[in-house]
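Chemist: Would you mind keeping the following structure in view while I ask a few things?
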Amino acid sequence: MTGPLLSLTGVSRSFRRGRHELRVLADVSLQLSAGEIVAVQGQRGAGKTTLLKIAAGMESPDGGRVSFDGWDLTELSDVQLSRLLGEQIGWVQSSGPESRVQVLDYVALPLLIALGDRAAYTRAEQALERVGVAECAHQPWETLSDGERGLVGIAHAIVRSPRLLLVDDVTTILGIREIYTLSQLLRSIASESAIGVLMTVSEVAAAQCADRTMSLAGGRLSGPSSERLPETPEPPDGGKGDVIDLSSRERLA
Amino acid sequence: MSAGKAVLGLVIQRPGYGYQLEQRVKERFGSAQFVASSIYKALGRLEKDNLIRVVGEEEPELADSERQRRIKYEATQRGVGYFREWLRASSSVPLVREELQLRIAFCEPHELPRLIEIIHGEEQVCLAMLSDFQRSLRQFERVDHRREWARLMDMAVDHAEASFWDARIRWLQNVRVFLEGLREESELHAGRPVWGIR
């Protein structure tokens, strides 16, 4: 494959809230390659989950185009979309199963029908091993720490060997150490398995594994740019009046 | 932020005596922590540059003979033109917080679209700075064979650096979304000022 794994072009999405129309995505474009990690920072209600749902084909945009591996998601049937989501796209979220469900059962669940018990559980054990929480396999979900839940969530998503991982704000409640562990894991999964990772974060501090960090606010998805608007004008006296302080640029405090 | 721009903006808003301007600067931009001398120095230079001019002086009362004469300033056309041009321009490095606050404080309704773009540009520059930082982290990790303890300490420092950018990006987002809301309201009402605190 030569093109991007995931491509969003001119995507827009609005919701009606009472008398008001809330525009959460306005002309949003984004490309993600295999093996690349892109983080999207946004505050609560900024539209991060909507962006991921549209990227996964779980929700249709009002306008624009979404393609996965060259396939236009807006043209696929529900059955095709469902298969795509089941086989090629992994979804990681902070919420988990019923509190008493065992970790191994939860991770094996996506494969039980397709592969049968034995193969599904073997793959689930491998996935738990891969993310470094094999010792939690027989614990109920409710006994896990927040950091462990994040890792088990990743195991649940990668057990089907997807090509795209969508990570929905799982770092919000984690501490520095847990964020570091999770970041390292996503980095190695992306590079070793050539999986594209699109992750949303509430704080950019949680996006340290990302190749690119973008921000979503007011419907706009912004990327890094060093391009500047026109320079500050020269003072009328040609710069002699240093009170205007044009020559000595103050750096960020 | 220079004291000069703060003083010039305030004089444009309303002429005033030096001591009044000193108070107004401190009230409005207290976090910039200007000292009184820098404000009076700024007034002198702004006057020399013909950006403000003296419009009145009060002789001190006899009992106050120790004190200096009170001088009232107003902005010149040149000063207004210069200030508004500065307000619409951007700089080659991320603006200091106070400087951006200054531009917001003196923004006129017709300058709103430009200010929104300046703030959006700042967001993108901050994201670029963050990307540079993240890239350097990864390069560093590849050659880092130091003790675990040093890595743990680095984690805390890296988090602090990223948190700095996080706070700045969030503030810029909040301000931009707020200003975009005002712009939309203005457009809905065909440019007529309809703003109010709700």
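Residue names in the structure tokens use chain letters A, B, ... in the order shown, residue numbers from 1 in each chain, and ligand numbers from 1 in the order shown.
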Which polymer residues have any atom within 8 Å of an atom of segment 75-82 of chain A, counting only C-alpha atoms, with same-chain residues fewer than 4 positions away left out, as a ChimeraX atom specification?

Modeler: /A:57-58,86

Chemist: Write the residues of the selection above to a file with N, CA and C atoms, as an mmCIF file, in the first residue's frame.

Modeler:
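See selection14.cif below for the written result:
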```cif
data_model
loop_
_atom_site.group_PDB
_atom_site.id
_atom_site.type_symbol
_atom_site.label_atom_id
_atom_site.label_comp_id
_atom_site.auth_asym_id
_atom_site.auth_seq_id
_atom_site.Cartn_x
_atom_site.Cartn_y
_atom_site.Cartn_z
ATOM 1 N N GLY A 57 -15.857 4.483 10.946
ATOM 2 C CA GLY A 57 -17.063 4.178 10.168
ATOM 3 C C GLY A 57 -18.272 3.912 11.038
ATOM 4 N N MET A 58 -18.136 4.149 12.346
ATOM 5 C CA MET A 58 -19.262 3.914 13.258
ATOM 6 C C MET A 58 -20.287 5.035 13.172
ATOM 7 N N GLY A 86 -14.598 -5.085 12.823
ATOM 8 C CA GLY A 86 -14.270 -6.304 13.561
ATOM 9 C C GLY A 86 -12.882 -6.832 13.269
#
```

Chemist: Which residues are close to Ser31 of chain B, i.e. within 10 Å by only C-alpha atoms, leaving aside same-chain residues fewer than 4 positions away? Reply as a list in words.

Modeler: Lys26, Glu27, Arg97 and Glu98 of chain B

Chemist: Can you work out the spacing between atom CA of Gln31 of chain A and atom CA of Leu221 of chain A in Å, to one decimal?

Modeler: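 Separation between atom CA of Gln31 of chain A and atom CA of Leu221 of chain A: 11.9 Å.
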
Chemist: Have a look at B:Glu57, B:Asp158, B:Glu184, B:Glu108 and name the one nearest to chain A; count only C-alpha atoms.

Modeler: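 For chain A, the nearest of the candidates is B:Asp158.
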
Chemist: Looking at B:Leu43, B:Val55, B:Ile104, B:Ile71, which one is nearest to chain A, with distances taken over only C-alpha atoms?

Modeler: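 Between B:Leu43, B:Val55, B:Ile104, B:Ile71, the residue approaching chain A most closely is B:Leu43.
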
Chemist: As JSON, numbers by chain, please: every residue in segment 35-183 of chain B that DSSP puts in strand (DSSP E or B).

Modeler: {"B": [52, 53, 54, 55, 56, 57, 58, 70, 71, 72, 73, 74, 75]}

Chemist: Output as a ChimeraX atom specification all residues of segment 4-252 of chain A that backbone DSSP marks as helix (DSSP H, G or I).

Modeler: /A:48-56,73-75,78-87,103-115,117-131,134-136,141-143,146-158,176-193,204-206,242-244

Chemist: What is the distance between atom CA of Ile118 of chain B and atom CA of Ser12 of chain A, in Å to one decimal?

Modeler: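 So the answer is 23.3 Å.
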
Chemist: Can you list every residue of segment 192-224 of chain A that has an atom at most 12 Å from segment 172-175 of chain B, with its nearest atom pair and the distance in Å to one decimal, using only C-alpha atoms, ordered by chain then number, as JSON lines?

Modeler:
```
{"residue": "A:Ser215", "atom": "CA", "partner": "B:Gln173", "partner_atom": "CA", "distance": 8.7}
{"residue": "A:Leu216", "atom": "CA", "partner": "B:Gln173", "partner_atom": "CA", "distance": 8.4}
{"residue": "A:Ala217", "atom": "CA", "partner": "B:Gln173", "partner_atom": "CA", "distance": 6.0}
{"residue": "A:Gly218", "atom": "CA", "partner": "B:Gln173", "partner_atom": "CA", "distance": 7.8}
{"residue": "A:Gly219", "atom": "CA", "partner": "B:Gln173", "partner_atom": "CA", "distance": 10.7}
{"residue": "A:Arg220", "atom": "CA", "partner": "B:Gln173", "partner_atom": "CA", "distance": 9.9}
{"residue": "A:Leu221", "atom": "CA", "partner": "B:Gln173", "partner_atom": "CA", "distance": 11.0}
{"residue": "A:Ser222", "atom": "CA", "partner": "B:Gln173", "partner_atom": "CA", "distance": 10.4}
```

Chemist: Within 9 Å of Leu179 of chain B, counting only C-alpha atoms, which residues show up once you throw out same-chain ones fewer than 2 positions away? Write them as an MDAnalysis selection string, please.

Modeler: chainID B and resid 112:113 115:116 174:177 181:184

Chemist: Can you spit out the residues from that selection as a compact mmCIF listing (two decimals), in the first residue's frame, using N, CA and C atoms?

Modeler:
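What follows is the written file part39.txt:
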```txt
# COMPACT_ATOMS: atom_id res chain seq x y z
N LEU B 112 -11.55 41.48 15.00
CA LEU B 112 -11.75 40.14 15.58
C LEU B 112 -11.27 39.00 14.67
N PRO B 113 -11.64 39.01 13.37
CA PRO B 113 -11.18 37.90 12.52
C PRO B 113 -9.66 37.78 12.49
N LEU B 115 -7.55 38.77 14.83
CA LEU B 115 -7.08 38.30 16.14
C LEU B 115 -7.28 36.79 16.26
N ILE B 116 -8.41 36.29 15.77
CA ILE B 116 -8.67 34.85 15.81
C ILE B 116 -7.59 34.10 15.04
N ASN B 174 -9.30 28.00 24.37
CA ASN B 174 -10.44 28.60 25.05
C ASN B 174 -10.71 30.01 24.54
N VAL B 175 -9.64 30.79 24.40
CA VAL B 175 -9.81 32.17 23.94
C VAL B 175 -10.33 32.18 22.51
N ARG B 176 -9.75 31.33 21.65
CA ARG B 176 -10.17 31.34 20.25
C ARG B 176 -11.64 30.93 20.11
N VAL B 177 -12.03 29.85 20.82
CA VAL B 177 -13.42 29.40 20.72
C VAL B 177 -14.37 30.50 21.21
N GLY B 181 -17.08 32.46 18.82
CA GLY B 181 -18.49 32.57 19.19
C GLY B 181 -18.98 34.00 19.01
N LEU B 182 -18.14 34.96 19.42
CA LEU B 182 -18.51 36.38 19.27
C LEU B 182 -18.63 36.75 17.80
N ARG B 183 -17.70 36.22 17.01
CA ARG B 183 -17.74 36.53 15.57
C ARG B 183 -19.01 35.97 14.93
N GLU B 184 -19.36 34.74 15.33
CA GLU B 184 -20.58 34.14 14.77
C GLU B 184 -21.81 34.95 15.16
```

Chemist: At a cut-off of 12 Å, using only C-alpha atoms, what residues contact Leu144 of chain A? Leave out same-chain residues fewer than 4 positions from it and give the result as a VMD selection string.

Modeler: chain A and resid 94 to 97 99 to 103 133 135 to 140 148 to 153

Chemist: Store the residues of this selection in a file with N, CA and C atoms, as a PDB file, in the first residue's frame.

Modeler:
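So the final result, stored in part_13.pdb, reads:
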```pdb
ATOM      1  N   SER A  94     -11.407   3.599  27.880  1.00  0.00           N
ATOM      2  CA  SER A  94     -11.093   3.416  29.299  1.00  0.00           C
ATOM      3  C   SER A  94     -12.162   2.602  30.019  1.00  0.00           C
ATOM      4  N   SER A  95     -13.387   2.627  29.494  1.00  0.00           N
ATOM      5  CA  SER A  95     -14.418   1.825  30.154  1.00  0.00           C
ATOM      6  C   SER A  95     -14.272   0.366  29.710  1.00  0.00           C
ATOM      7  N   GLY A  96     -14.649  -0.542  30.598  1.00  0.00           N
ATOM      8  CA  GLY A  96     -14.457  -1.954  30.298  1.00  0.00           C
ATOM      9  C   GLY A  96     -15.739  -2.737  30.390  1.00  0.00           C
ATOM     10  N   PRO A  97     -15.631  -4.036  30.647  1.00  0.00           N
ATOM     11  CA  PRO A  97     -16.809  -4.895  30.711  1.00  0.00           C
ATOM     12  C   PRO A  97     -17.498  -4.787  32.066  1.00  0.00           C
ATOM     13  N   SER A  99     -18.177  -5.412  35.809  1.00  0.00           N
ATOM     14  CA  SER A  99     -17.076  -5.372  36.775  1.00  0.00           C
ATOM     15  C   SER A  99     -16.498  -6.734  37.159  1.00  0.00           C
ATOM     16  N   ARG A 100     -17.344  -7.791  37.121  1.00  0.00           N
ATOM     17  CA  ARG A 100     -16.827  -9.086  37.582  1.00  0.00           C
ATOM     18  C   ARG A 100     -16.291  -9.974  36.460  1.00  0.00           C
ATOM     19  N   VAL A 101     -16.358  -9.506  35.259  1.00  0.00           N
ATOM     20  CA  VAL A 101     -15.843 -10.297  34.129  1.00  0.00           C
ATOM     21  C   VAL A 101     -14.331 -10.431  34.269  1.00  0.00           C
ATOM     22  N   GLN A 102     -13.858 -11.649  34.024  1.00  0.00           N
ATOM     23  CA  GLN A 102     -12.416 -11.873  34.122  1.00  0.00           C
ATOM     24  C   GLN A 102     -11.702 -11.271  32.924  1.00  0.00           C
ATOM     25  N   VAL A 103     -10.499 -10.791  33.179  1.00  0.00           N
ATOM     26  CA  VAL A 103      -9.714 -10.122  32.145  1.00  0.00           C
ATOM     27  C   VAL A 103      -9.526 -11.010  30.904  1.00  0.00           C
ATOM     28  N   VAL A 133       0.664  -7.470  31.039  1.00  0.00           N
ATOM     29  CA  VAL A 133      -0.185  -7.701  32.215  1.00  0.00           C
ATOM     30  C   VAL A 133      -0.723  -9.141  32.236  1.00  0.00           C
ATOM     31  N   GLU A 135      -0.158 -11.400  34.221  1.00  0.00           N
ATOM     32  CA  GLU A 135      -0.495 -11.851  35.578  1.00  0.00           C
ATOM     33  C   GLU A 135      -1.917 -11.461  35.986  1.00  0.00           C
ATOM     34  N   CYS A 136      -2.533 -10.595  35.221  1.00  0.00           N
ATOM     35  CA  CYS A 136      -3.898 -10.154  35.550  1.00  0.00           C
ATOM     36  C   CYS A 136      -4.966 -11.011  34.884  1.00  0.00           C
ATOM     37  N   ALA A 137      -4.557 -11.998  34.107  1.00  0.00           N
ATOM     38  CA  ALA A 137      -5.495 -12.746  33.246  1.00  0.00           C
ATOM     39  C   ALA A 137      -6.724 -13.260  33.983  1.00  0.00           C
ATOM     40  N   HIS A 138      -6.545 -13.730  35.207  1.00  0.00           N
ATOM     41  CA  HIS A 138      -7.675 -14.350  35.901  1.00  0.00           C
ATOM     42  C   HIS A 138      -8.294 -13.455  36.983  1.00  0.00           C
ATOM     43  N   GLN A 139      -7.946 -12.196  36.910  1.00  0.00           N
ATOM     44  CA  GLN A 139      -8.544 -11.239  37.860  1.00  0.00           C
ATOM     45  C   GLN A 139      -9.834 -10.675  37.273  1.00  0.00           C
ATOM     46  N   PRO A 140     -10.803 -10.348  38.137  1.00  0.00           N
ATOM     47  CA  PRO A 140     -11.980  -9.643  37.639  1.00  0.00           C
ATOM     48  C   PRO A 140     -11.593  -8.209  37.272  1.00  0.00           C
ATOM     49  N   GLU A 148      -3.611  -0.586  34.695  1.00  0.00           N
ATOM     50  CA  GLU A 148      -3.811  -1.948  34.168  1.00  0.00           C
ATOM     51  C   GLU A 148      -5.013  -1.983  33.221  1.00  0.00           C
ATOM     52  N   ARG A 149      -6.041  -1.256  33.553  1.00  0.00           N
ATOM     53  CA  ARG A 149      -7.224  -1.221  32.675  1.00  0.00           C
ATOM     54  C   ARG A 149      -6.865  -0.670  31.290  1.00  0.00           C
ATOM     55  N   GLY A 150      -6.030   0.349  31.280  1.00  0.00           N
ATOM     56  CA  GLY A 150      -5.587   0.904  29.993  1.00  0.00           C
ATOM     57  C   GLY A 150      -4.856  -0.142  29.169  1.00  0.00           C
ATOM     58  N   LEU A 151      -3.974  -0.889  29.833  1.00  0.00           N
ATOM     59  CA  LEU A 151      -3.187  -1.914  29.132  1.00  0.00           C
ATOM     60  C   LEU A 151      -4.071  -3.065  28.666  1.00  0.00           C
ATOM     61  N   VAL A 152      -5.013  -3.488  29.525  1.00  0.00           N
ATOM     62  CA  VAL A 152      -5.938  -4.563  29.134  1.00  0.00           C
ATOM     63  C   VAL A 152      -6.821  -4.083  27.973  1.00  0.00           C
ATOM     64  N   GLY A 153      -7.191  -2.820  28.005  1.00  0.00           N
ATOM     65  CA  GLY A 153      -7.969  -2.251  26.899  1.00  0.00           C
ATOM     66  C   GLY A 153      -7.210  -2.358  25.581  1.00  0.00           C
TER      67      GLY A 153
END
```

Chemist: I'd like to know which of B:Ala160, B:Leu130, B:Leu152, B:Val25 is closest to Ala210 of chain A, using only C-alpha atoms.

Modeler: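 Smallest distance to Ala210 of chain A is found for B:Leu130.
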